[in-house]
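J.: Pasting in a structure now, in structure tokens, and then I'll have a few things to ask.
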Amino acid sequence: MSANFNQAVSTRYHIYNSLFLNLPYSGIYRTGTLLPLLQQACEKGFEEGNDPKGIIEKFFADFTPKATTAEKFDLLFNFIQYTERQVVLFDSIEDAAFDKINDINGKGTLTALLLRAGTEGYLDALKKKLEDFSVRIVLTAHPTQFYPGHVLAIINDLEEAIRQGHLEHINLLLRQLGKTGFINREKPTPYDEAASLTWYLENVFYEAAPQIFLKLMAGLQISPEEWTNYDLVKIGFWPGGDRDGNPFVTHEITLQVAARLQQSLTRCYYRDVRFLKRRLTFKGVANIIADVERKIYPLAYGSGEGGYESAEELLSDLLKARTAIVEDHRGLFLDLLDEVILKVRIFGFYFASMDIRQDSRKHIYAWEAILKQLENKEPRVKDLASKSEKEQIDTLLSLKFTPATMKFEDPFVTELIESIKVIGKIQKRNSEEGCHRYVISNCQSALDVIRVYQLARLLLAQRDNLSVDIVPLFETIEDLAAAPKVMRALYDITDYREHLKRRENKQTIMLGFSDGTKDGGYLRANWSIFRAKENLTLLSREYGLTAVFFDGRGGPPARGGGNTHDFYASLGETIEDKEVQITIQGQTISSNFGKPVSCQYNLEQLVSAGIENDVFKNKKIHFSEKEKEILESLAEAGHKAYLALKNHEKFVPYLEKITPLSFFGDTNIGSRPVKRSSGDKLKFEDLRAIPFVGSWAQMKQNVPGFYGVGSALNALKRAGKFEEVKKLYADSLFFRTLLANSMMSLTKSYFPATAYLRKDKEFGDFWQMIFDEYKLSIEMILEVSGLTELMQNNPMNRDSVKLRERIVLPLITIQQYALQHLREGAPDDTEFEKQYRKLVLRCMFGIINAARNSA
């Protein structure tokens, strides 16, 4: 273990962990005393090749031989509760030590960027790049956050107490944790999810985002009046707008969330203005600030009447105060006012920009209903679906009618139309930035884009000017390959090209890592997205357009997560780099952006990664044709190996019968259903990426994050190309990052917990197939990297992963113990089925929370 991590985190964890034993709760001393013994029994038992059922039963025989079945269940649930709180303690200690275990002025930070630019003579190039560069962090409501809001608040307070070393306060908060429930009794509504994420906007992003601007202004000696790019850091927001497969998101919910965002923001402004009022007490200034306070209050706490109509009005008053301070009061406290002005320029009256998202098949269904009603007036629309794509596009674009006045039998069609109309209402209230993007998931053709474009144009356009960006989302391997063809067909449509001209000749294109990995495996998905970006960049430039790539990434490497900063730093001039746009979801929000210090650090990493390759011209990155051939060969070999697993007859049955997949719907962590269809039969294509990846994480197998990597590397070794692969690893940050993130997935795997499945009649061979690939992947990655152990070159994260995995080993064992009983279905097991199912479910929370980015 690295000395820094040991001193800042590990040692403190073991010291504070002892406080649990002194909490005045019934049975806690017994639980706290027996839990370490269970942990040792698990480690020893798995080393000896025992199964979870045998380990737990031996533990009971050794330490509670007279316990009844009911008492055994109670003890197991007590272990789970105790471990959940140990995980919270560890999270808080690690968060409190963030600036000690991370070099907050080192590689990838703005401090390092500014120092290098100054030393190497690139300050002017950096200033120019910053004129129009942008990072957009899009917060999503995807259900990977297992902590309810009240627990997150305790974690926040506990982290602060640990940072300050207030032992008495720490003890009190641990007592509070002991009395606080960790699970939601009911599923959250989409509005609940939005309200939960708004906490991060108010308490973290509102403070951290402006620091990026201020740090760059100071480092580049640019005054606030000279700075012009307030899009450098933008926040996007999916809760309340993402309709893809979530029937609970309605246009009313969307409006409520937009109102909540503005209210939350104006409350932040109000607090800042109240503080300014205490400092800016000068003649000619105090009266302006008092007026500002009076006009913000109705927006923050009232009905809005009598308040500001727009951010521009607020900004105008603040700038008047600024002029008076400069001209009449020698700039006293100008820095305080400038920071508030900066926040208004960044966040406007919207805080975060809401995206609307819907599946392309829903638009097809809606247009079918619309065209059916138009058939009498417009005979040419009859049987339109049977005509060519070009004919369908030309016909749709030529239609003139008012969708808003039409009545439909199916309320879904009416709701879809209202969900587009609501964009205009939000823009009127929160400004255009408040909601200006419509994402089309499962986009497979130019016609899919035109269906949305034309409907939006008929509903929202002012004199043909549509203030909405239509964003196609390509996810599967097949769709990624077809994306350039789809976009060429779209760019060739005159009406749409005119629309892009009015949108600054930019086309945002979203690429989905989660479904790509689920569809084609880890290597194939990542390389397919890289190639799609290259091809779409080239194509867009051919048409005089700028492609803006919006990456749909999840928490773990299997969903495009892991070290995303290095991915962006590894992209060369063949991929458009005007903007970095990325989804941040669930646990990744709280772990990477949950505190101002970590949020600022990770924002700096993304800004630096997106900027440095273009600024430092001598460091241009590109792949030679030979290197591309190697990567393509690896991707193809990995794809072949993954397909052999995915198409295996036991693949879906294994997920259904062996993993905790079926339990995800009972966790009450998200409003969205676990699978896309409502049928009883489980189909692979209906599986959502989060429960799919999360199920493998629960089993400690992490298949989507490594499967096919070992086979791919081995295939090139057998083909005599391994030295070329090693050279690629040495030369390419992209390839090193790809394998580094896979190493994290492998490090978080623990096959001894499921080794009992090797003897299973139905699934033994399938388990062995996964295990063989796991061993091969470790062997080949270590050989190609020259490392002696996984994550050796990232000791801080390695140590964190290992300690976290050790803390939850009892939960992993208990969960597998319960799954064994449920599957075997012995008479005694049937009697206690409810308790076993509850054990599985309760263990899920601790296992996921400990991993921080497993779903």
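Every chain in the structure tokens takes a letter, A first, then B, and so on in the order presented; its residues are numbered from 1, and the ligands are numbered from 1 following the presented order.
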I want to know what sits within 9 Å of stretch 266-280 of chain A, based on only C-alpha atoms, with residues of the same chain fewer than 6 positions away left out; could you give that as a PDB file with N, CA and C atoms, in the first residue's frame?
T.:
```
ATOM      1  N   GLU A 202     -26.542  23.231  -6.454  1.00  0.00           N
ATOM      2  CA  GLU A 202     -26.522  24.311  -5.457  1.00  0.00           C
ATOM      3  C   GLU A 202     -25.245  24.315  -4.614  1.00  0.00           C
ATOM      4  N   TYR A 206     -22.217  25.209  -8.356  1.00  0.00           N
ATOM      5  CA  TYR A 206     -22.378  26.665  -8.256  1.00  0.00           C
ATOM      6  C   TYR A 206     -21.098  27.324  -7.739  1.00  0.00           C
ATOM      7  N   ALA A 286     -25.196  50.794  -2.575  1.00  0.00           N
ATOM      8  CA  ALA A 286     -26.068  50.096  -1.630  1.00  0.00           C
ATOM      9  C   ALA A 286     -27.508  50.048  -2.126  1.00  0.00           C
ATOM     10  N   ILE A 289     -27.871  47.370  -4.926  1.00  0.00           N
ATOM     11  CA  ILE A 289     -27.850  46.006  -4.394  1.00  0.00           C
ATOM     12  C   ILE A 289     -29.150  45.698  -3.646  1.00  0.00           C
ATOM     13  N   ALA A 290     -29.673  46.690  -2.930  1.00  0.00           N
ATOM     14  CA  ALA A 290     -30.950  46.493  -2.233  1.00  0.00           C
ATOM     15  C   ALA A 290     -32.067  46.226  -3.242  1.00  0.00           C
ATOM     16  N   VAL A 292     -31.639  44.917  -6.223  1.00  0.00           N
ATOM     17  CA  VAL A 292     -31.378  43.578  -6.762  1.00  0.00           C
ATOM     18  C   VAL A 292     -31.963  42.518  -5.826  1.00  0.00           C
ATOM     19  N   GLU A 293     -31.716  42.687  -4.532  1.00  0.00           N
ATOM     20  CA  GLU A 293     -32.242  41.737  -3.547  1.00  0.00           C
ATOM     21  C   GLU A 293     -33.772  41.671  -3.626  1.00  0.00           C
ATOM     22  N   ILE A 296     -34.891  39.749  -6.803  1.00  0.00           N
ATOM     23  CA  ILE A 296     -34.567  38.312  -6.873  1.00  0.00           C
ATOM     24  C   ILE A 296     -35.484  37.517  -5.955  1.00  0.00           C
ATOM     25  N   TYR A 297     -35.864  38.121  -4.854  1.00  0.00           N
ATOM     26  CA  TYR A 297     -36.639  37.393  -3.840  1.00  0.00           C
ATOM     27  C   TYR A 297     -37.892  36.713  -4.394  1.00  0.00           C
ATOM     28  N   LEU A 299     -38.487  35.443  -7.228  1.00  0.00           N
ATOM     29  CA  LEU A 299     -38.094  34.268  -8.019  1.00  0.00           C
ATOM     30  C   LEU A 299     -37.612  33.142  -7.120  1.00  0.00           C
ATOM     31  N   ALA A 300     -36.936  33.507  -6.047  1.00  0.00           N
ATOM     32  CA  ALA A 300     -36.347  32.507  -5.153  1.00  0.00           C
ATOM     33  C   ALA A 300     -37.365  31.921  -4.179  1.00  0.00           C
ATOM     34  N   TYR A 301     -38.252  32.765  -3.684  1.00  0.00           N
ATOM     35  CA  TYR A 301     -39.137  32.312  -2.605  1.00  0.00           C
ATOM     36  C   TYR A 301     -40.619  32.640  -2.824  1.00  0.00           C
ATOM     37  N   ILE A 325     -18.739  51.256  -8.229  1.00  0.00           N
ATOM     38  CA  ILE A 325     -17.622  50.857  -7.356  1.00  0.00           C
ATOM     39  C   ILE A 325     -16.291  51.274  -7.972  1.00  0.00           C
ATOM     40  N   LEU A 332     -13.319  48.960  -4.223  1.00  0.00           N
ATOM     41  CA  LEU A 332     -13.407  48.236  -2.948  1.00  0.00           C
ATOM     42  C   LEU A 332     -14.421  47.095  -3.050  1.00  0.00           C
ATOM     43  N   PHE A 333     -13.982  45.893  -2.708  1.00  0.00           N
ATOM     44  CA  PHE A 333     -14.802  44.672  -2.766  1.00  0.00           C
ATOM     45  C   PHE A 333     -15.270  44.333  -4.192  1.00  0.00           C
ATOM     46  N   LEU A 336     -15.628  40.569  -5.032  1.00  0.00           N
ATOM     47  CA  LEU A 336     -16.836  39.879  -4.567  1.00  0.00           C
ATOM     48  C   LEU A 336     -17.973  40.058  -5.576  1.00  0.00           C
ATOM     49  N   LEU A 337     -18.129  41.271  -6.049  1.00  0.00           N
ATOM     50  CA  LEU A 337     -19.182  41.541  -7.025  1.00  0.00           C
ATOM     51  C   LEU A 337     -18.892  40.849  -8.351  1.00  0.00           C
ATOM     52  N   VAL A 340     -20.003  37.242  -8.425  1.00  0.00           N
ATOM     53  CA  VAL A 340     -21.450  37.082  -8.605  1.00  0.00           C
ATOM     54  C   VAL A 340     -21.834  37.350 -10.066  1.00  0.00           C
ATOM     55  N   LYS A 343     -21.010  34.345 -12.065  1.00  0.00           N
ATOM     56  CA  LYS A 343     -21.985  33.262 -11.888  1.00  0.00           C
ATOM     57  C   LYS A 343     -23.237  33.510 -12.723  1.00  0.00           C
ATOM     58  N   VAL A 344     -23.693  34.744 -12.780  1.00  0.00           N
ATOM     59  CA  VAL A 344     -24.884  35.058 -13.584  1.00  0.00           C
ATOM     60  C   VAL A 344     -24.598  34.845 -15.065  1.00  0.00           C
ATOM     61  N   PHE A 349     -30.453  32.206 -16.075  1.00  0.00           N
ATOM     62  CA  PHE A 349     -31.627  31.982 -15.256  1.00  0.00           C
ATOM     63  C   PHE A 349     -32.086  30.530 -15.360  1.00  0.00           C
ATOM     64  N   PHE A 351     -29.606  27.587 -14.674  1.00  0.00           N
ATOM     65  CA  PHE A 351     -28.709  26.747 -13.867  1.00  0.00           C
ATOM     66  C   PHE A 351     -28.099  25.628 -14.706  1.00  0.00           C
TER      67      PHE A 351
END
```
J.: Extract, using only C-alpha atoms, all DNA, RNA and protein residues at most 9 Å from A:Lys775, discarding same-chain residues fewer than 5 positions from it, and format them as a list in words.
T.: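 Near neighbours after the sequence-gap exclusion: Gly710, Ile770 and Met780 of chain A.
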J.: Would you work out the distance separating atom CA of A:Arg804 from atom CA of A:Asn849, expressed in Å to one decimal?
T.: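 Pair atom CA of A:Arg804 / atom CA of A:Asn849 returns 9.5 Å.
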J.: With only C-alpha atoms as the atoms that count, which of A:Thr140, A:Thr737, A:Thr83, A:Gln454 lies nearest to A:Arg806?
T.: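 Going through A:Thr140, A:Thr737, A:Thr83, A:Gln454 one by one, the smallest distance to A:Arg806 is for A:Thr83.
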J.: Can you list every residue in stretch 123-173 of chain A that DSSP puts in strand (DSSP E or B), as a list in words?
T.: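 Listing strand (DSSP E or B) positions across stretch 123-173 of chain A yields Ser134, Val135, Arg136, Ile137, Val138, Leu139 and Thr140 of chain A.
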J.: For the residues selected in the previous step, produce a file with N, CA and C atoms as a PDB file, in the first residue's frame.
T.:
```pdb
ATOM      1  N   SER A 134     -15.332  24.461 -25.028  1.00  0.00           N
ATOM      2  CA  SER A 134     -16.383  24.258 -24.028  1.00  0.00           C
ATOM      3  C   SER A 134     -16.373  22.835 -23.492  1.00  0.00           C
ATOM      4  N   VAL A 135     -16.647  22.708 -22.205  1.00  0.00           N
ATOM      5  CA  VAL A 135     -16.877  21.409 -21.565  1.00  0.00           C
ATOM      6  C   VAL A 135     -18.304  21.414 -21.034  1.00  0.00           C
ATOM      7  N   ARG A 136     -19.069  20.414 -21.428  1.00  0.00           N
ATOM      8  CA  ARG A 136     -20.443  20.298 -20.927  1.00  0.00           C
ATOM      9  C   ARG A 136     -20.570  19.003 -20.124  1.00  0.00           C
ATOM     10  N   ILE A 137     -20.882  19.142 -18.843  1.00  0.00           N
ATOM     11  CA  ILE A 137     -21.131  18.015 -17.951  1.00  0.00           C
ATOM     12  C   ILE A 137     -22.637  17.828 -17.870  1.00  0.00           C
ATOM     13  N   VAL A 138     -23.131  16.689 -18.317  1.00  0.00           N
ATOM     14  CA  VAL A 138     -24.573  16.451 -18.328  1.00  0.00           C
ATOM     15  C   VAL A 138     -24.929  15.446 -17.233  1.00  0.00           C
ATOM     16  N   LEU A 139     -25.646  15.919 -16.226  1.00  0.00           N
ATOM     17  CA  LEU A 139     -26.056  15.063 -15.120  1.00  0.00           C
ATOM     18  C   LEU A 139     -27.286  14.253 -15.527  1.00  0.00           C
ATOM     19  N   THR A 140     -27.229  12.947 -15.353  1.00  0.00           N
ATOM     20  CA  THR A 140     -28.362  12.113 -15.741  1.00  0.00           C
ATOM     21  C   THR A 140     -29.005  11.482 -14.519  1.00  0.00           C
TER      22      THR A 140
END
```
J.: For stretch 249-264 of chain A, work out the shell of residues within 10 Å, counting only C-alpha atoms and skipping chain neighbours fewer than 6 positions away, then give it as a ChimeraX atom specification.
T.: /A:189-195,198-199,201-202,237-243,270,296-302,304,347-356,412,415-423,425-427,429-430,434-435,671-672
J.: So, counting only C-alpha atoms, which residue among A:Arg357, A:Pro36, A:Ile450, A:Asp464 is closest to A:Arg437?
T.: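 Nearest candidate to A:Arg437 out of A:Arg357, A:Pro36, A:Ile450, A:Asp464: A:Arg357.
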J.: Rounded to one decimal, what separation in Å do you get between atom CA of A:Leu216 and atom CA of A:His622?
T.: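 Separation between atom CA of A:Leu216 and atom CA of A:His622: 28.2 Å.
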J.: Using only C-alpha atoms, determine which residues lie at most 12 Å from A:Asp394, disregarding the query and same-chain residues fewer than 2 positions distant; provide the list as a ChimeraX atom specification.
T.: /A:380-381,384,387-392,396-399,446-447,450-451,454,490,492-496
J.: Can I get the selected residues back with N, CA, C and O atoms, as a CSV table (one decimal), in the first residue's frame?
T.:
```
chain,number,residue,atom,x,y,z
A,380,ARG,N,-51.5,12.4,-50.5
A,380,ARG,CA,-50.2,12.0,-50.8
A,380,ARG,C,-49.5,11.3,-49.6
A,380,ARG,O,-48.5,10.7,-49.8
A,381,VAL,N,-50.0,11.5,-48.4
A,381,VAL,CA,-49.4,10.9,-47.2
A,381,VAL,C,-49.9,9.5,-47.0
A,381,VAL,O,-49.3,8.8,-46.1
A,384,LEU,N,-47.4,6.4,-46.9
A,384,LEU,CA,-46.1,7.1,-47.0
A,384,LEU,C,-44.9,6.2,-46.6
A,384,LEU,O,-43.9,6.2,-47.2
A,387,LYS,N,-42.9,4.2,-49.2
A,387,LYS,CA,-42.1,4.9,-50.2
A,387,LYS,C,-40.6,5.0,-49.8
A,387,LYS,O,-40.3,4.7,-48.7
A,388,SER,N,-39.8,5.5,-50.7
A,388,SER,CA,-38.4,5.6,-50.4
A,388,SER,C,-38.1,6.6,-49.3
A,388,SER,O,-39.0,7.5,-49.0
A,389,GLU,N,-36.9,6.5,-48.6
A,389,GLU,CA,-36.6,7.5,-47.6
A,389,GLU,C,-36.6,8.9,-48.1
A,389,GLU,O,-37.2,9.8,-47.4
A,390,LYS,N,-36.1,9.1,-49.3
A,390,LYS,CA,-36.1,10.5,-49.8
A,390,LYS,C,-37.5,11.0,-50.0
A,390,LYS,O,-37.8,12.2,-49.7
A,391,GLU,N,-38.4,10.2,-50.5
A,391,GLU,CA,-39.8,10.6,-50.8
A,391,GLU,C,-40.5,10.9,-49.4
A,391,GLU,O,-41.2,11.9,-49.3
A,392,GLN,N,-40.2,10.1,-48.4
A,392,GLN,CA,-40.8,10.3,-47.1
A,392,GLN,C,-40.3,11.7,-46.5
A,392,GLN,O,-41.1,12.5,-46.0
A,396,LEU,N,-42.7,14.9,-45.8
A,396,LEU,CA,-42.8,15.4,-44.4
A,396,LEU,C,-42.4,16.9,-44.3
A,396,LEU,O,-43.1,17.7,-43.7
A,397,LEU,N,-41.3,17.3,-45.0
A,397,LEU,CA,-40.9,18.7,-45.0
A,397,LEU,C,-41.8,19.6,-45.7
A,397,LEU,O,-41.8,20.8,-45.4
A,398,SER,N,-42.6,19.1,-46.6
A,398,SER,CA,-43.5,20.0,-47.3
A,398,SER,C,-44.9,20.2,-46.6
A,398,SER,O,-45.6,21.0,-47.1
A,399,LEU,N,-45.1,19.4,-45.6
A,399,LEU,CA,-46.4,19.5,-44.9
A,399,LEU,C,-46.6,20.8,-44.1
A,399,LEU,O,-45.6,21.2,-43.5
A,446,ALA,N,-31.5,9.2,-41.5
A,446,ALA,CA,-31.8,10.7,-41.6
A,446,ALA,C,-33.3,10.9,-41.4
A,446,ALA,O,-33.6,12.0,-40.8
A,447,LEU,N,-34.1,10.0,-41.8
A,447,LEU,CA,-35.6,10.2,-41.7
A,447,LEU,C,-35.9,10.3,-40.2
A,447,LEU,O,-36.8,11.0,-39.8
A,450,ILE,N,-35.3,13.8,-39.3
A,450,ILE,CA,-36.3,14.7,-39.9
A,450,ILE,C,-37.7,14.6,-39.3
A,450,ILE,O,-38.4,15.7,-39.2
A,451,ARG,N,-38.1,13.5,-38.8
A,451,ARG,CA,-39.4,13.3,-38.1
A,451,ARG,C,-39.4,14.3,-36.9
A,451,ARG,O,-40.4,15.0,-36.7
A,454,GLN,N,-39.1,18.2,-38.2
A,454,GLN,CA,-40.3,18.8,-38.8
A,454,GLN,C,-41.4,19.0,-37.8
A,454,GLN,O,-42.0,20.0,-37.8
A,490,LEU,N,-28.4,13.2,-44.1
A,490,LEU,CA,-29.0,14.3,-43.4
A,490,LEU,C,-28.4,15.7,-43.9
A,490,LEU,O,-29.1,16.6,-44.1
A,492,ASP,N,-27.3,16.4,-46.7
A,492,ASP,CA,-27.7,16.6,-48.1
A,492,ASP,C,-29.1,17.2,-48.2
A,492,ASP,O,-29.5,17.6,-49.3
A,493,ILE,N,-29.8,17.3,-47.1
A,493,ILE,CA,-31.1,17.8,-47.1
A,493,ILE,C,-31.1,19.4,-46.9
A,493,ILE,O,-30.6,19.9,-45.9
A,494,THR,N,-31.5,20.1,-47.9
A,494,THR,CA,-31.4,21.5,-48.0
A,494,THR,C,-32.0,22.2,-46.8
A,494,THR,O,-31.4,23.1,-46.1
A,495,ASP,N,-33.2,21.8,-46.4
A,495,ASP,CA,-33.9,22.5,-45.3
A,495,ASP,C,-33.1,22.3,-44.0
A,495,ASP,O,-33.0,23.2,-43.2
A,496,TYR,N,-32.6,21.1,-43.8
A,496,TYR,CA,-31.8,20.8,-42.6
A,496,TYR,C,-30.5,21.6,-42.6
A,496,TYR,O,-30.1,22.1,-41.5
```
J.: Could you pull the residues within 9 Å of A:Leu480, counting only C-alpha atoms, minus those fewer than 6 positions along the same chain, as a CSV table (one decimal) with N, CA, C and O atoms, in the first residue's frame?
T.:
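Everything below was put into selection.csv:
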```csv
chain,number,residue,atom,x,y,z
A,474,PHE,N,-26.2,7.4,-31.6
A,474,PHE,CA,-25.8,6.1,-32.2
A,474,PHE,C,-25.2,5.3,-31.1
A,474,PHE,O,-24.3,5.7,-30.4
A,511,LEU,N,-22.9,9.7,-28.9
A,511,LEU,CA,-22.4,8.3,-29.1
A,511,LEU,C,-22.5,7.6,-27.8
A,511,LEU,O,-22.0,8.1,-26.7
A,516,GLY,N,-23.1,0.3,-26.6
A,516,GLY,CA,-22.1,-0.2,-27.6
A,516,GLY,C,-21.3,-1.4,-27.0
A,516,GLY,O,-21.1,-2.4,-27.6
A,525,ALA,N,-16.5,-1.8,-29.0
A,525,ALA,CA,-17.3,-0.6,-28.7
A,525,ALA,C,-16.4,0.6,-28.7
A,525,ALA,O,-16.7,1.6,-29.4
A,528,SER,N,-14.9,1.3,-32.2
A,528,SER,CA,-15.9,1.7,-33.1
A,528,SER,C,-16.3,3.1,-32.9
A,528,SER,O,-16.6,3.9,-33.8
A,529,ILE,N,-16.4,3.5,-31.6
A,529,ILE,CA,-16.7,4.9,-31.3
A,529,ILE,C,-15.6,5.9,-31.8
A,529,ILE,O,-15.8,6.9,-32.4
A,531,ARG,N,-13.5,5.3,-34.3
A,531,ARG,CA,-13.5,5.4,-35.8
A,531,ARG,C,-14.7,6.2,-36.2
A,531,ARG,O,-14.6,7.0,-37.2
A,532,ALA,N,-15.9,6.1,-35.5
A,532,ALA,CA,-17.0,6.8,-35.9
A,532,ALA,C,-16.8,8.3,-35.7
A,532,ALA,O,-17.1,9.1,-36.6
```
J.: Produce a table with one row for each residue of stretch 521-627 of chain A that has an atom at most 12 Å from any atom of stretch 158-174 of chain A, each row naming the nearest atom pair and its distance in Å at one decimal; use only C-alpha atoms; arrange rows by chain and rising residue number; format as JSON lines.
T.:
```
{"residue": "A:Gly594", "atom": "CA", "partner": "A:Glu159", "partner_atom": "CA", "distance": 11.0}
{"residue": "A:Lys595", "atom": "CA", "partner": "A:Glu159", "partner_atom": "CA", "distance": 9.5}
{"residue": "A:Pro596", "atom": "CA", "partner": "A:Glu160", "partner_atom": "CA", "distance": 11.8}
{"residue": "A:Val597", "atom": "CA", "partner": "A:Glu160", "partner_atom": "CA", "distance": 12.0}
```
J.: How would you write, as an MDAnalysis selection string, the set of residues in stretch 507-726 of chain A that DSSP gives as helix (DSSP H, G or I)?
T.: chainID A and resid 513:520 522:542 557:559 564:569 587:593 596:615 617:619 625:646 651:657 661:666 684:686 689:698 703:705 709:718 722:726
J.: Using only C-alpha atoms, which of the listed residues (A:Ser445, A:Asn102, A:Thr180, A:Thr281) sits closest to A:Asn602?
T.: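 Closest to A:Asn602 of all the choices is A:Asn102.
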J.: Given only C-alpha atoms as the basis, pick out the residue of A:Leu89, A:Val449, A:Leu214, A:Leu819 nearest to A:Ala489.
T.: A:Val449
J.: Quick one: distance from atom CA of A:Thr69 to atom CA of A:His821 in Å, one decimal?
T.: 13.6 Å
J.: Counting only C-alpha atoms, what is within 7 Å of stretch 107-124 of chain A, bar same-chain residues fewer than 6 positions away, as a PDB file with N, CA and C atoms, in the first residue's frame?
T.:
```pdb
ATOM      1  N   GLY A 219      -4.356  33.275 -14.208  1.00  0.00           N
ATOM      2  CA  GLY A 219      -3.153  32.713 -14.817  1.00  0.00           C
ATOM      3  C   GLY A 219      -2.788  33.352 -16.140  1.00  0.00           C
ATOM      4  N   TYR A 601     -11.384  19.769  -9.404  1.00  0.00           N
ATOM      5  CA  TYR A 601     -10.265  18.961  -9.906  1.00  0.00           C
ATOM      6  C   TYR A 601     -10.664  18.221 -11.191  1.00  0.00           C
ATOM      7  N   GLU A 604     -11.237  20.568 -14.099  1.00  0.00           N
ATOM      8  CA  GLU A 604      -9.936  20.993 -14.629  1.00  0.00           C
ATOM      9  C   GLU A 604      -9.324  19.916 -15.509  1.00  0.00           C
ATOM     10  N   GLN A 605      -9.448  18.665 -15.081  1.00  0.00           N
ATOM     11  CA  GLN A 605      -8.903  17.556 -15.863  1.00  0.00           C
ATOM     12  C   GLN A 605      -9.555  17.499 -17.252  1.00  0.00           C
ATOM     13  N   SER A 608      -8.420  20.611 -19.363  1.00  0.00           N
ATOM     14  CA  SER A 608      -7.030  20.433 -19.822  1.00  0.00           C
ATOM     15  C   SER A 608      -6.925  19.360 -20.894  1.00  0.00           C
ATOM     16  N   ALA A 609      -7.619  18.234 -20.684  1.00  0.00           N
ATOM     17  CA  ALA A 609      -7.550  17.136 -21.648  1.00  0.00           C
ATOM     18  C   ALA A 609      -8.067  17.558 -23.014  1.00  0.00           C
ATOM     19  N   VAL A 615      -3.342  22.956 -28.339  1.00  0.00           N
ATOM     20  CA  VAL A 615      -2.489  24.092 -27.972  1.00  0.00           C
ATOM     21  C   VAL A 615      -1.017  23.781 -28.223  1.00  0.00           C
ATOM     22  N   PHE A 616      -0.587  22.595 -27.773  1.00  0.00           N
ATOM     23  CA  PHE A 616       0.831  22.245 -27.893  1.00  0.00           C
ATOM     24  C   PHE A 616       1.062  21.504 -29.217  1.00  0.00           C
TER      25      PHE A 616
END
```
J.: Can you pull out every residue within 9 Å of A:Asp469, counting only C-alpha atoms, but drop anything in the same chain fewer than 3 positions away, and send it as number ranges by chain?
T.: A: 436-439, 453, 466, 500, 503, 506-508
